[in-house]
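Below: one structure, written as structure tokens.
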Amino acid sequence: MEKETIISAINLTKNFGHFTANDNLTFEVKKGEIFGFLGANGAGKTTAIRILCGLSSPTSGEVEVAGFDIYHETEKIKKNIGYMSQKFSLYEDLTISENIKLYAGIYGISRKQRKVKEAELLQKLELEKVKNKLIGDLPLGWKQKLAFSVAIFHDPKIVFLDEPTGGVDPVTRRKFWDLIYEAAHNGITVFVTTHYMDEAEYCDRVSIMNAGKIEALDTPAKLKEKYKATNMDEVFLKIAR
Amino acid sequence: MIEINNITKSYKETKALSGINLHVDEGELFGLIGPDGAGKSTLIRILMTLLLPDSGEAKLDGLDVLKNYKQIRKMVGYMPGRFSLYQDLSVEENLNFFATVFGTTVEENYDLIRDIYYQIEPFKTRRAGKLSGGMKQKLALSCALIHKPKILVLDEPTTGVDAVSRKEFWEMLKNLQQKGITILVSTPYMDEADLCDRVALIQNGQILDVDSPKRITDKFPRKIIQVGAQNMYKLINDLRAYKKAEAVYAFGQYAHFTGFNDEVETIELEGYLQNLGHEKIIAEEIPAGIEDVFMSLMEQ
């Protein structure tokens, strides 16, 4: 059975004055897929992510996210997606518990439901004992795991991860990917950007952008075959250089 | 060229550095490899005389970081992690500014930066704040080099930078090394360790190991089995469930498996996975990489 399409972009174009940041992007992402969105700095990834999250309108093109139209239904899109980046995720001067409460409130989760889910989450991440600690006092690895869990706390259809693993140690980075796999396994679509090329291998499919265009889009195995490369690092260098 | 003896530094209760000993030889390209919060920037700031250690001593080219800080500042080039340029000045103005501060001119040392600077020269009237990430990085490096330093220190120059620009940046560093500059560079990317002559692996304010990347991986005693199969998520879960599994981690398209006492054989893993219905199974023993070693050391 063909899997449900959760993101569909047809000729998505975004101009800033005379500069074309996104040039006719056409792609689909399926439900439960881990979709790697790669590209060099300045290739246009952030612009595209902002559009897909309903924060910016394209200049032209047809785009649907979680079944909603990107021009007219941005509020519905925002309710159905989660977002996490390395730079912004949680409030440093609130406790773990307060952060969860805040996000649950924003997404309109009932008090009762929040309590159940919070307990589950704290138990899974083994954070029960430190739930009243300020986020600012936690090690980076914990923060990131928590930020991810909070980003999917409202069971979004899609979660956007913008360089979620920058700077963390190699063990934590891998534990983070365990969470990503688990979320995808549970049907959440994962749309992720990264500069770690080994992480590109963990994606079901990968798109590589260069100068505003999608230059390649396929499974890591097929990309390696096509570009006669032994790993994704080589594929990336061949396309983006 | 750089001597670090028993340097300790705490921020309130947090111990940022506990007894660091290191030396960097003249002309070496030396890497400080570790994640965020390991203590890399603290150590670098102490060497750059911007931060005082609680105890211990450090010397750069024989000059003490406490007593001779003025001389040190004249002979080192420092590229901090956060962008160090004046956003409102143009490319050219930034470079002239740094040259003037160090009592020199752009012309005098142009040779040293030519290969780097020519790439941004077409934009020399553009404000630094309007440059792309890669161009800012090249300008910051040019500014750090304009007074012809003996030692170049770079704090995470490639963090958040894409794979292509990272590669180009390391090529620039190699070229500078050829010109006789001693280079100390920090990075959270483990794969960059292989580009250094020697590295220190650093975690929680402590040095886990110092050596050439090759020796670090060669002397690693554990047996690593690289395992591949069609379904990665299931593969990792199944490998972890194996009774003799000590550590299982994803490594790109494969998983790396370490068994208790290194007693697990590849053939035995293959059989185990076949019984669980895995397809396209590959299991082979491989030499360790820097990341394998780092992960093993940090878990001890």
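Quick note on naming: the chains in the structure tokens go A, B, ... in the order shown, residues restart at 1 in each chain, and ligands are numbered from 1 in order of appearance.
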Residues of chain A within 8 Å of chain B: nearest atom pair and distance (Å, one decimal) for each, counting only C-alpha atoms, sorted by chain and number, as CSV?
```
residue,atom,partner,partner_atom,distance
A:Gly39,CA,B:Asp162,CA,7.4
A:Ala40,CA,B:Asp162,CA,5.1
A:Asn41,CA,B:Asp162,CA,5.8
A:Gly42,CA,B:Ser132,CA,7.0
A:Leu140,CA,B:Asp36,CA,7.7
A:Gly166,CA,B:Gly160,CA,6.9
A:Gly167,CA,B:Asp36,CA,5.3
A:Val168,CA,B:Pro35,CA,5.1
A:Asp169,CA,B:Pro35,CA,4.6
A:Pro170,CA,B:Met295,CA,6.5
A:Val171,CA,B:Met295,CA,6.1
A:Arg174,CA,B:Ala250,CA,6.5
A:Tyr181,CA,B:Tyr233,CA,6.4
A:His195,CA,B:Asp162,CA,5.5
A:Tyr196,CA,B:Ala163,CA,7.7
A:Met197,CA,B:Ala163,CA,7.7
A:Asp198,CA,B:Gly252,CA,4.2
A:Glu199,CA,B:Gly252,CA,6.0
A:Ala200,CA,B:Gly252,CA,7.3
A:Glu201,CA,B:Gly252,CA,4.9
A:Tyr202,CA,B:Gly252,CA,6.2
A:Asp233,CA,B:Ala163,CA,7.4
A:Phe236,CA,B:Ala163,CA,7.5
A:Leu237,CA,B:Val164,CA,5.8
A:Ala240,CA,B:Val164,CA,6.8
A:Arg241,CA,B:Val164,CA,6.2
```
Practice task
Please provide the set of residues having any atom within 8 Å of stretch 8-12 of chain B, restricted to only C-alpha atoms, with same-chain residues fewer than 6 positions apart removed, written as a list in words.
Solution key: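 Counting only the stated atoms, we get Ser18, Gly19, Ile20, Thr42, Pro53, Asp54, Ser55 and Gly56 of chain B.
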Exercise for the section: Extract, using only C-alpha atoms, all DNA, RNA and protein residues at most 9 Å from stretch 203-217 of chain A, discarding same-chain residues fewer than 4 positions from it, and format them as a list in words. Expected result: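 Surrounding residues, per the criterion: Thr13, Thr20, Ala21, Asn22, Asp23, Asn24, Leu25, Thr26, Phe27, Val29, Glu33, Ile34, Phe35, Gly36, Phe37, Leu38, Gly39, Ala40, Gly42, Ala43, Gly44, Lys45, Val192, Glu199, Leu223, Phe236, Ile239, Ala240 and Arg241 of chain A.
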Exercise for the section: Find the residues around B:Thr217 up to 8 Å (only C-alpha atoms counted), leave out those fewer than 4 positions away in its own chain, and share them as number ranges by chain. Expected result: B: 213, 287-290, 293
Practice task
Tell me, in Å to one decimal, how far atom CA of B:Cys196 is from atom CA of B:Glu26.
Solution key: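 Between atom CA of B:Cys196 and atom CA of B:Glu26 the gap works out to 13.8 Å.
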Exercise for the section: Name the closest residue to B:Arg114 among the candidates B:Met172, B:Leu66, B:Asn204, B:Arg127; distances are taken between atoms, counting only C-alpha atoms. Expected result: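 Selected residue with least distance to B:Arg114: B:Met172.
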Practice task
Name the residues of stretch 135-190 of chain A that fall into helix (DSSP H, G or I) according to DSSP on the backbone, using the chain letters and numbers of this document, as a count of residues only.
Solution key: 31
Practice task
Kindly give the distance, in Å, that separates atom CA of A:Cys53 and atom CA of A:Gly187, rounded to a single decimal.
Solution key: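 These two atoms are separated by 18.7 Å.
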Exercise for the section: Between atom CA of B:Glu284 and atom CA of B:Thr258, measure the distance and give it in Å to one decimal. Expected result: 11.8 Å
Handout entry: Option closest in space to A:Ile106, from A:Lys224, A:His72, A:Lys145, A:His154 [counting only C-alpha atoms]
Key =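 Of A:Lys224, A:His72, A:Lys145, A:His154, the one nearest A:Ile106 is A:His154, counting only C-alpha atoms.
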Using only C-alpha atoms, which residues sit within 7 Å of A:Lys30 once same-chain residues fewer than 4 positions away are excluded, as a short mmCIF file (atom, residue, chain, number, x, y, z; two decimals) with N, CA and C atoms, in the first residue's frame?
```cif
data_model
loop_
_atom_site.label_atom_id
_atom_site.label_comp_id
_atom_site.auth_asym_id
_atom_site.auth_seq_id
_atom_site.Cartn_x
_atom_site.Cartn_y
_atom_site.Cartn_z
N LYS A 3 2.14 4.72 0.93
CA LYS A 3 2.02 5.49 2.17
C LYS A 3 1.46 6.88 1.91
N GLU A 4 0.76 7.36 2.88
CA GLU A 4 0.13 8.68 2.82
C GLU A 4 1.18 9.79 2.67
N THR A 5 0.90 10.75 1.81
CA THR A 5 1.80 11.90 1.65
C THR A 5 1.51 12.93 2.74
N ILE A 6 2.54 13.38 3.43
CA ILE A 6 2.31 14.29 4.54
C ILE A 6 2.81 15.72 4.22
N ILE A 7 3.82 15.78 3.35
CA ILE A 7 4.23 17.09 2.86
C ILE A 7 4.30 17.00 1.35
#
```
Handout entry: Surrounding residues of A:Lys76 excluding itself and chain neighbours under 6 positions, 12 Å, only C-alpha atoms, as a list in words
Key =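 Selected residues are Cys53, Gly54, Glu64, Val65, Ala66, Gly67, Phe68, Asp69, Ile70, Tyr107, Pro156 and Lys157 of chain A.
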Practice task
Report as number ranges by chain: the residues of stretch 1-183 of chain A with a DSSP assignment of strand (DSSP E or B), based on the backbone of this structure.
Solution key: A: 5-16, 19-30, 34-39, 60-65, 68-69, 81-85, 95, 134, 158-162
Handout entry: Residue with smallest distance to A:Leu138 - pool B:Thr14, B:Lys243, B:Val91, B:Asn275, counting only C-alpha atoms
Key = B:Thr14
